[in-house]
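Dropping run08.cif in here (mmCIF, C-alpha atoms):
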```cif
data_target
#
loop_
_atom_site.label_atom_id
_atom_site.label_comp_id
_atom_site.auth_asym_id
_atom_site.auth_seq_id
_atom_site.Cartn_x
_atom_site.Cartn_y
_atom_site.Cartn_z
CA ARG A 15 0.00 0.00 0.00
CA ARG A 16 1.18 3.50 -0.76
CA PHE A 17 -0.12 4.88 2.53
CA PRO A 18 -0.05 2.76 5.70
CA ALA A 19 -3.35 2.22 7.47
CA ARG A 20 -3.75 4.02 10.77
CA GLU A 21 -4.85 1.89 13.73
CA LEU A 22 -8.04 3.20 15.32
CA PRO A 23 -7.54 4.24 18.95
CA THR A 24 -9.43 2.59 21.77
CA THR A 25 -10.59 3.89 25.12
CA GLY A 26 -9.68 2.36 28.45
CA GLY A 27 -12.87 0.29 28.29
CA GLY A 28 -11.92 -1.16 24.94
CA ALA A 29 -14.55 0.70 22.89
CA GLN A 30 -13.24 1.84 19.53
CA ALA A 31 -13.22 5.50 18.57
CA SER A 32 -14.77 4.36 15.28
CA GLN A 33 -18.12 3.86 16.98
CA THR A 34 -20.74 5.91 15.12
CA ASN A 35 -24.01 5.25 16.97
CA LEU A 36 -23.42 8.02 19.50
CA ASP A 37 -25.64 10.84 20.72
CA PHE A 38 -24.17 14.14 21.91
CA VAL A 39 -25.38 17.29 23.62
CA ARG A 40 -23.38 20.26 22.34
CA LEU A 41 -22.91 23.39 24.42
CA GLY A 42 -20.79 26.37 23.49
CA GLY A 43 -20.55 29.61 21.64
CA ARG A 44 -18.73 31.56 18.97
CA ALA A 45 -17.61 35.09 18.31
CA TYR A 46 -17.54 36.34 14.73
CA PHE A 47 -16.16 39.71 13.66
CA ASN A 48 -16.67 40.80 10.06
CA TYR A 49 -14.74 43.90 9.02
CA ALA A 50 -14.67 43.00 5.32
CA GLU A 51 -16.43 45.49 3.10
CA ALA A 52 -17.38 44.47 -0.43
CA GLU A 53 -15.72 47.01 -2.72
CA GLN A 54 -15.95 46.43 -6.47
CA ARG A 55 -17.49 43.01 -5.66
CA ALA A 56 -14.39 41.94 -3.70
CA PRO A 57 -13.97 41.89 0.11
CA VAL A 58 -11.47 44.28 1.70
CA GLY A 59 -10.70 43.94 5.41
CA GLY A 60 -10.88 40.95 7.73
CA ARG A 61 -13.15 38.21 9.07
CA TYR A 62 -12.30 36.55 12.38
CA LEU A 63 -14.00 33.57 14.02
CA PHE A 64 -13.41 32.12 17.50
CA SER A 65 -15.46 29.18 18.79
CA LEU A 66 -15.47 26.77 21.73
CA ASN A 67 -17.89 23.86 22.13
CA LYS A 68 -18.42 21.09 24.65
CA TYR A 69 -19.63 17.72 23.33
CA LEU A 70 -21.28 15.58 26.03
CA ASP A 71 -21.59 11.89 25.14
CA GLN A 72 -25.09 10.68 26.02
CA THR A 73 -24.63 7.08 24.81
CA ALA A 74 -21.45 5.45 26.06
CA ASP A 75 -20.16 8.16 28.42
CA GLN A 76 -16.70 7.60 26.93
CA TYR A 77 -16.47 10.25 24.19
CA SER A 78 -17.03 13.66 25.81
CA PHE A 79 -14.63 16.36 24.62
CA ASN A 80 -14.06 20.06 23.96
CA ARG A 81 -13.60 21.47 20.46
CA TRP A 82 -12.02 24.86 19.70
CA GLU A 83 -11.45 26.73 16.45
CA VAL A 84 -9.75 29.95 15.37
CA ASP A 85 -10.28 31.12 11.79
CA LEU A 86 -8.59 34.36 10.67
CA GLN A 87 -9.09 35.80 7.18
CA GLN A 88 -7.59 39.02 5.82
CA TYR A 89 -8.14 40.64 2.41
CA ILE A 90 -5.55 43.16 1.26
CA PRO A 91 -6.15 45.15 -1.96
CA VAL A 92 -3.29 45.56 -4.42
CA PHE A 93 -3.82 49.14 -5.66
CA THR A 94 -7.48 48.30 -6.40
CA PRO A 95 -10.05 45.98 -4.73
CA SER A 96 -10.37 44.06 -7.99
CA ARG A 97 -6.83 42.78 -7.33
CA LEU A 98 -6.23 41.52 -3.81
CA ILE A 99 -4.25 39.17 -1.61
CA ALA A 100 -6.39 36.83 0.53
CA LEU A 101 -4.74 35.32 3.62
CA ARG A 102 -6.19 32.68 5.94
CA ALA A 103 -5.02 30.93 9.11
CA ASN A 104 -7.26 28.22 10.54
CA ALA A 105 -6.56 26.04 13.58
CA ILE A 106 -8.89 23.43 15.07
CA GLY A 107 -8.41 21.09 18.01
CA VAL A 108 -10.26 18.61 20.21
CA ILE A 109 -9.49 17.90 23.86
CA PRO A 110 -11.07 14.73 25.33
CA ASP A 111 -12.20 14.59 28.93
CA ASP A 112 -10.13 12.48 31.30
CA GLY A 113 -10.51 8.81 30.37
CA ASN A 114 -12.45 9.69 27.22
CA ASP A 115 -11.65 9.61 23.52
CA VAL A 116 -12.79 11.55 20.43
CA PRO A 117 -14.64 9.64 17.67
CA PHE A 118 -12.59 9.66 14.48
CA TYR A 119 -15.39 11.30 12.45
CA LEU A 120 -15.39 14.31 14.81
CA GLN A 121 -11.63 14.83 14.69
CA PRO A 122 -10.21 17.74 12.64
CA THR A 123 -9.24 16.92 9.05
CA LEU A 124 -7.20 18.39 6.22
CA GLY A 125 -7.59 17.88 2.49
CA GLY A 126 -10.11 19.09 -0.03
CA SER A 127 -11.31 22.36 -1.46
CA HIS A 128 -11.21 24.41 1.75
CA THR A 129 -7.81 23.32 3.12
CA ILE A 130 -4.98 21.61 1.17
CA ARG A 131 -6.37 21.27 -2.32
CA ALA A 132 -3.80 18.84 -3.76
CA TYR A 133 -5.11 16.11 -1.43
CA SER A 134 -8.46 14.36 -1.32
CA HIS A 135 -11.22 15.39 1.07
CA GLN A 136 -10.35 14.53 4.71
CA ARG A 137 -7.04 12.94 3.64
CA PHE A 138 -5.36 13.72 7.01
CA ARG A 139 -6.98 13.40 10.44
CA ASP A 140 -5.88 13.84 14.06
CA ARG A 141 -6.75 15.73 17.24
CA ASN A 142 -5.35 19.04 15.96
CA ALA A 143 -5.12 20.65 12.53
CA LEU A 144 -3.56 23.82 11.15
CA VAL A 145 -3.86 25.28 7.64
CA LEU A 146 -2.30 28.47 6.22
CA GLN A 147 -3.44 29.78 2.83
CA ALA A 148 -2.55 32.65 0.53
CA GLU A 149 -4.24 33.67 -2.72
CA TYR A 150 -3.73 36.40 -5.25
CA ARG A 151 -7.16 37.09 -6.76
CA TYR A 152 -8.02 39.19 -9.75
CA ILE A 153 -11.44 39.95 -11.24
CA LEU A 154 -11.43 39.12 -14.94
CA ASN A 155 -14.96 40.32 -15.70
CA ASP A 156 -18.40 40.52 -14.09
CA PHE A 157 -18.76 36.74 -14.08
CA MET A 158 -15.23 35.38 -13.61
CA THR A 159 -12.46 35.71 -11.01
CA GLY A 160 -9.05 34.07 -11.31
CA SER A 161 -6.54 33.30 -8.56
CA VAL A 162 -3.12 31.82 -7.83
CA PHE A 163 -2.97 30.02 -4.48
CA TYR A 164 -0.63 28.36 -2.00
CA ASP A 165 -1.73 26.07 0.87
CA THR A 166 0.23 24.51 3.70
CA GLY A 167 -0.84 22.64 6.81
CA LYS A 168 -0.53 19.63 9.07
CA VAL A 169 -2.35 17.53 11.64
CA ALA A 170 -0.89 16.54 15.00
CA PHE A 171 -1.86 14.52 18.06
CA ASP A 172 -0.38 17.12 20.44
CA ARG A 173 -1.37 20.76 19.96
CA LYS A 174 2.16 22.06 20.57
CA ASP A 175 3.41 20.08 17.55
CA LEU A 176 1.35 22.28 15.21
CA TRP A 177 3.68 25.22 15.66
CA ASP A 178 7.05 23.64 14.81
CA PHE A 179 6.12 23.48 11.08
CA ASP A 180 7.86 20.13 10.60
CA GLY A 181 6.01 17.75 8.33
CA MET A 182 3.85 20.42 6.70
CA LYS A 183 1.97 19.38 3.55
CA ASN A 184 2.06 21.97 0.75
CA ASP A 185 0.47 22.69 -2.58
CA TYR A 186 0.05 25.49 -5.10
CA GLY A 187 -2.14 26.04 -8.11
CA ILE A 188 -4.58 28.16 -10.08
CA SER A 189 -8.31 28.63 -9.71
CA VAL A 190 -11.15 30.24 -11.64
CA ARG A 191 -14.45 31.17 -9.97
CA PHE A 192 -17.65 31.69 -11.91
CA GLY A 193 -20.52 33.67 -10.42
CA PHE A 194 -22.21 37.05 -10.19
CA ALA A 195 -22.36 39.94 -7.69
CA GLY A 196 -19.47 38.52 -5.66
CA ILE A 197 -21.11 35.09 -5.17
CA ALA A 198 -19.13 32.11 -6.53
CA ALA A 199 -21.39 29.38 -7.93
CA LEU A 200 -18.72 27.25 -9.62
CA ARG A 201 -14.98 26.88 -9.08
CA ALA A 202 -12.43 25.12 -11.29
CA GLU A 203 -8.98 24.36 -9.83
CA ILE A 204 -5.68 22.76 -10.72
CA ALA A 205 -3.36 21.95 -7.79
CA TRP A 206 0.24 20.72 -7.77
CA GLY A 207 2.84 19.99 -5.16
CA GLY A 208 1.21 17.21 -3.15
CA ASP A 209 2.29 13.58 -2.95
CA GLU A 210 -0.65 12.37 -5.06
CA GLY A 211 0.04 14.05 -8.40
CA THR A 212 -1.79 16.85 -10.16
CA VAL A 213 -5.37 17.37 -8.98
CA TYR A 214 -8.11 18.74 -11.24
CA ALA A 215 -11.30 19.77 -9.47
CA LEU A 216 -14.64 21.25 -10.44
CA ARG A 217 -16.60 22.35 -7.38
CA PHE A 218 -20.07 23.80 -6.96
#
```
Is it possible to give me this structure as C-alpha cells?
Amino acid sequence: RRFPARELPTTGGGAQASQTNLDFVRLGGRAYFNYAEAEQRAPVGGRYLFSLNKYLDQTADQYSFNRWEVDLQQYIPVFTPSRLIALRANAIGVIPDDGNDVPFYLQPTLGGSHTIRAYSHQRFRDRNALVLQAEYRYILNDFMTGSVFYDTGKVAFDRKDLWDFDGMKNDYGISVRFGFAGIAALRAEIAWGGDEGTVYALRF
C-alpha cells in the first residue's frame, strides 16, 4: 500500500473511537467579527472567528470532549479591490475529557477544497489541525475571477506540535471562480505539489 493504514484508537474500556451510533449534547458559543467590506465586488478587510464547544456523550459516556477553532481571514487590496491578496489561518483542536476519547469522524481533518487542495477530502486526520493559505485574486470580468494560491498545513496529536512546522503538507495552483455579484457558484482548480500528483477539481 502506498499509505499505511492508521490503527483506530481505543478507550480504556476497549470501545473503539470508530463507533458511530453516539448521541451528543453540544454546548458552546462563537464570536464572529466581520470587518470586510465588499468594494468592487471583492472583500477588503478581515473576518475573524473564535469558537469553543463542549460535546457531552449521552450514549457510552466515553467520548465527551471540547472542540475549539480559530479562523482568521484578511483581504488586502493591491492598488485596487479588484486585485487583492487573501490570507487565511485556521486552527482546530479537540481535547477529550479524562478517560475519554474523540470519535474519528469528529476529529479535525485536512484535504479538499477548503484546506490543502492537492489532497483528497479529509485525507489527514488527528486531534489538531492547522492550515495556512494565501491567494492572489483578480477579477477578470463581471462573471469570472481568477486566482493563484498556496496552501500549507498539518495535523498533530499534540497541539504544541502544530507550531514547529515540521512535516507540513504543501500545494500550489490556479483557480477560476464563476458567479455574479461577488457570489461564486462554480470553481475550477488545478493543484500541484502534493504527494498524489496533479489534482483537477470542479466544485459547486
Exercise for review: Write out as a PyMOL selection string each polymer residue whose atoms come within 6 Å of range 113-128 of chain A, counting only C-alpha atoms; drop sequence neighbours fewer than 3 positions from it.
Suggested key: chain A and resi 31-32+76-77+110+131+133-141+143
Check your understanding: Do you know which residues the PyMOL selection byres ((chain A and resi 187-195) around 8) returns on this file, as JSON, numbers by chain?
Key -> {"A": [55, 156, 157, 158, 159, 160, 161, 162, 163, 164, 185, 186, 196, 197, 198, 199, 200, 201, 202, 203, 204, 205, 206]}
Practice item. Figure out the distance between CA of Ala170 in chain A and CA of Val108 in chain A, please, to one decimal in Å. Key: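 Going from CA of Val108 in chain A over to CA of Ala170 in chain A covers 10.9 Å.
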Exercise for review: Give as number ranges by chain the residues that the PyMOL selection byres ((chain A and resi 96-105) around 6) matches when applied to the coordinates above.
Suggested key: A: 83-92, 94-95, 106, 143-153
Which residues are near range 179-184 of chain A? Cut-off 8 Å, only C-alpha atoms, ignore same chain within fewer than 6 positions. Put them as a short mmCIF file (atom, residue, chain, number, x, y, z; two decimals) with C-alpha atoms, keeping the file's coordinate frame.
```cif
data_model
loop_
_atom_site.label_atom_id
_atom_site.label_comp_id
_atom_site.auth_asym_id
_atom_site.auth_seq_id
_atom_site.Cartn_x
_atom_site.Cartn_y
_atom_site.Cartn_z
CA ILE A 130 -4.98 21.61 1.17
CA TYR A 164 -0.63 28.36 -2.00
CA ASP A 165 -1.73 26.07 0.87
CA THR A 166 0.23 24.51 3.70
CA GLY A 167 -0.84 22.64 6.81
CA LYS A 168 -0.53 19.63 9.07
CA GLY A 207 2.84 19.99 -5.16
CA GLY A 208 1.21 17.21 -3.15
#
```
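The space separating CA of Phe47 in chain A from CA of Val169 in chain A comes to 26.2 Å.
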Review point. Of the residues A:Phe38, A:Lys174, A:Gly211, A:Leu154, which is the one nearest to Asp75 in chain A, using only C-alpha atoms?
Key: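 Of all the options, A:Phe38 lies closest to Asp75 in chain A.
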**Study point:** One-decimal distance in Å that lies between CA of Arg40 in chain A and CA of Trp82 in chain A
**Key:**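 Separation of CA of Trp82 in chain A and CA of Arg40 in chain A: 12.5 Å.
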Check your understanding: Tyr49 in chain A: which residues within 6 Å, counting only C-alpha atoms, same-chain residues fewer than 3 positions away excluded, as a ChimeraX atom specification?
Key -> /A:59-61
Review point. Restricting the calculation to all atoms listed in the file, which member of A:Leu176, A:Leu70, A:Ala132, A:Val58 is positioned closest to Glu210 in chain A?
Key: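 Between A:Leu176, A:Leu70, A:Ala132, A:Val58, the residue approaching Glu210 in chain A most closely is A:Ala132.
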Size and centre in Å, one decimal, axis-aligned box, all listed range 190-199 of chain A atoms plus 4 Å per side, as lines of an AutoDock Vina configuration file:
```
center_x = -16.8
center_y = 34.7
center_z = -8.5
size_x = 19.2
size_y = 18.6
size_z = 14.7
```
Could you rebuild range 50-73 of chain A with N, CA, C and O atoms and give me the result as a JSON list (two decimals), in the frame of the given file?
```
[["chain", "number", "residue", "atom", "x", "y", "z"],
["A", 50, "ALA", "N", -14.93, 43.03, 6.76],
["A", 50, "ALA", "CA", -14.67, 43.00, 5.32],
["A", 50, "ALA", "C", -15.80, 43.70, 4.58],
["A", 50, "ALA", "O", -16.95, 43.28, 4.65],
["A", 51, "GLU", "N", -15.46, 44.77, 3.90],
["A", 51, "GLU", "CA", -16.43, 45.49, 3.10],
["A", 51, "GLU", "C", -16.28, 45.09, 1.63],
["A", 51, "GLU", "O", -15.16, 44.96, 1.13],
["A", 52, "ALA", "N", -17.40, 44.89, 0.97],
["A", 52, "ALA", "CA", -17.38, 44.47, -0.43],
["A", 52, "ALA", "C", -17.22, 45.70, -1.32],
["A", 52, "ALA", "O", -18.16, 46.48, -1.52],
["A", 53, "GLU", "N", -16.01, 45.91, -1.81],
["A", 53, "GLU", "CA", -15.72, 47.01, -2.72],
["A", 53, "GLU", "C", -15.40, 46.42, -4.10],
["A", 53, "GLU", "O", -14.55, 45.55, -4.23],
["A", 54, "GLN", "N", -16.11, 46.94, -5.10],
["A", 54, "GLN", "CA", -15.95, 46.43, -6.47],
["A", 54, "GLN", "C", -16.13, 44.91, -6.49],
["A", 54, "GLN", "O", -15.38, 44.17, -7.13],
["A", 55, "ARG", "N", -17.12, 44.43, -5.73],
["A", 55, "ARG", "CA", -17.49, 43.01, -5.66],
["A", 55, "ARG", "C", -16.42, 42.13, -5.03],
["A", 55, "ARG", "O", -16.46, 40.91, -5.15],
["A", 56, "ALA", "N", -15.44, 42.72, -4.36],
["A", 56, "ALA", "CA", -14.39, 41.94, -3.70],
["A", 56, "ALA", "C", -14.27, 42.41, -2.25],
["A", 56, "ALA", "O", -14.36, 43.60, -1.98],
["A", 57, "PRO", "N", -14.08, 41.49, -1.29],
["A", 57, "PRO", "CA", -13.97, 41.89, 0.11],
["A", 57, "PRO", "C", -12.64, 42.58, 0.39],
["A", 57, "PRO", "O", -11.60, 42.20, -0.14],
["A", 58, "VAL", "N", -12.67, 43.60, 1.23],
["A", 58, "VAL", "CA", -11.47, 44.28, 1.70],
["A", 58, "VAL", "C", -11.60, 44.41, 3.21],
["A", 58, "VAL", "O", -12.59, 44.94, 3.71],
["A", 59, "GLY", "N", -10.62, 43.91, 3.95],
["A", 59, "GLY", "CA", -10.70, 43.94, 5.41],
["A", 59, "GLY", "C", -10.46, 42.55, 5.97],
["A", 59, "GLY", "O", -9.67, 41.78, 5.42],
["A", 60, "GLY", "N", -11.13, 42.23, 7.08],
["A", 60, "GLY", "CA", -10.88, 40.95, 7.73],
["A", 60, "GLY", "C", -12.14, 40.32, 8.27],
["A", 60, "GLY", "O", -13.15, 41.00, 8.53],
["A", 61, "ARG", "N", -12.09, 38.99, 8.42],
["A", 61, "ARG", "CA", -13.15, 38.21, 9.07],
["A", 61, "ARG", "C", -12.48, 37.29, 10.07],
["A", 61, "ARG", "O", -11.54, 36.56, 9.71],
["A", 62, "TYR", "N", -12.97, 37.29, 11.31],
["A", 62, "TYR", "CA", -12.30, 36.55, 12.38],
["A", 62, "TYR", "C", -13.34, 35.75, 13.17],
["A", 62, "TYR", "O", -14.33, 36.31, 13.64],
["A", 63, "LEU", "N", -13.08, 34.46, 13.32],
["A", 63, "LEU", "CA", -14.00, 33.57, 14.02],
["A", 63, "LEU", "C", -13.27, 32.87, 15.16],
["A", 63, "LEU", "O", -12.17, 32.36, 14.99],
["A", 64, "PHE", "N", -13.91, 32.84, 16.33],
["A", 64, "PHE", "CA", -13.41, 32.12, 17.50],
["A", 64, "PHE", "C", -14.57, 31.30, 18.06],
["A", 64, "PHE", "O", -15.66, 31.85, 18.29],
["A", 65, "SER", "N", -14.37, 30.01, 18.27],
["A", 65, "SER", "CA", -15.46, 29.18, 18.79],
["A", 65, "SER", "C", -14.92, 28.17, 19.79],
["A", 65, "SER", "O", -13.76, 27.73, 19.70],
["A", 66, "LEU", "N", -15.78, 27.79, 20.74],
["A", 66, "LEU", "CA", -15.47, 26.77, 21.73],
["A", 66, "LEU", "C", -16.76, 26.02, 22.04],
["A", 66, "LEU", "O", -17.78, 26.63, 22.35],
["A", 67, "ASN", "N", -16.72, 24.69, 21.91],
["A", 67, "ASN", "CA", -17.89, 23.86, 22.13],
["A", 67, "ASN", "C", -17.55, 22.67, 23.02],
["A", 67, "ASN", "O", -16.43, 22.14, 22.97],
["A", 68, "LYS", "N", -18.54, 22.27, 23.81],
["A", 68, "LYS", "CA", -18.42, 21.09, 24.65],
["A", 68, "LYS", "C", -19.36, 20.02, 24.10],
["A", 68, "LYS", "O", -20.56, 20.27, 23.92],
["A", 69, "TYR", "N", -18.83, 18.85, 23.80],
["A", 69, "TYR", "CA", -19.63, 17.72, 23.33],
["A", 69, "TYR", "C", -19.77, 16.72, 24.48],
["A", 69, "TYR", "O", -18.78, 16.17, 24.96],
["A", 70, "LEU", "N", -21.01, 16.49, 24.92],
["A", 70, "LEU", "CA", -21.28, 15.58, 26.03],
["A", 70, "LEU", "C", -21.88, 14.29, 25.47],
["A", 70, "LEU", "O", -22.98, 14.29, 24.91],
["A", 71, "ASP", "N", -21.16, 13.19, 25.64],
["A", 71, "ASP", "CA", -21.59, 11.89, 25.14],
["A", 71, "ASP", "C", -22.76, 11.38, 25.98],
["A", 71, "ASP", "O", -22.64, 11.20, 27.20],
["A", 72, "GLN", "N", -23.90, 11.15, 25.33],
["A", 72, "GLN", "CA", -25.09, 10.68, 26.02],
["A", 72, "GLN", "C", -25.31, 9.17, 25.85],
["A", 72, "GLN", "O", -26.26, 8.63, 26.40],
["A", 73, "THR", "N", -24.43, 8.49, 25.11],
["A", 73, "THR", "CA", -24.63, 7.08, 24.81],
["A", 73, "THR", "C", -23.70, 6.19, 25.62],
["A", 73, "THR", "O", -24.15, 5.35, 26.40]]
```
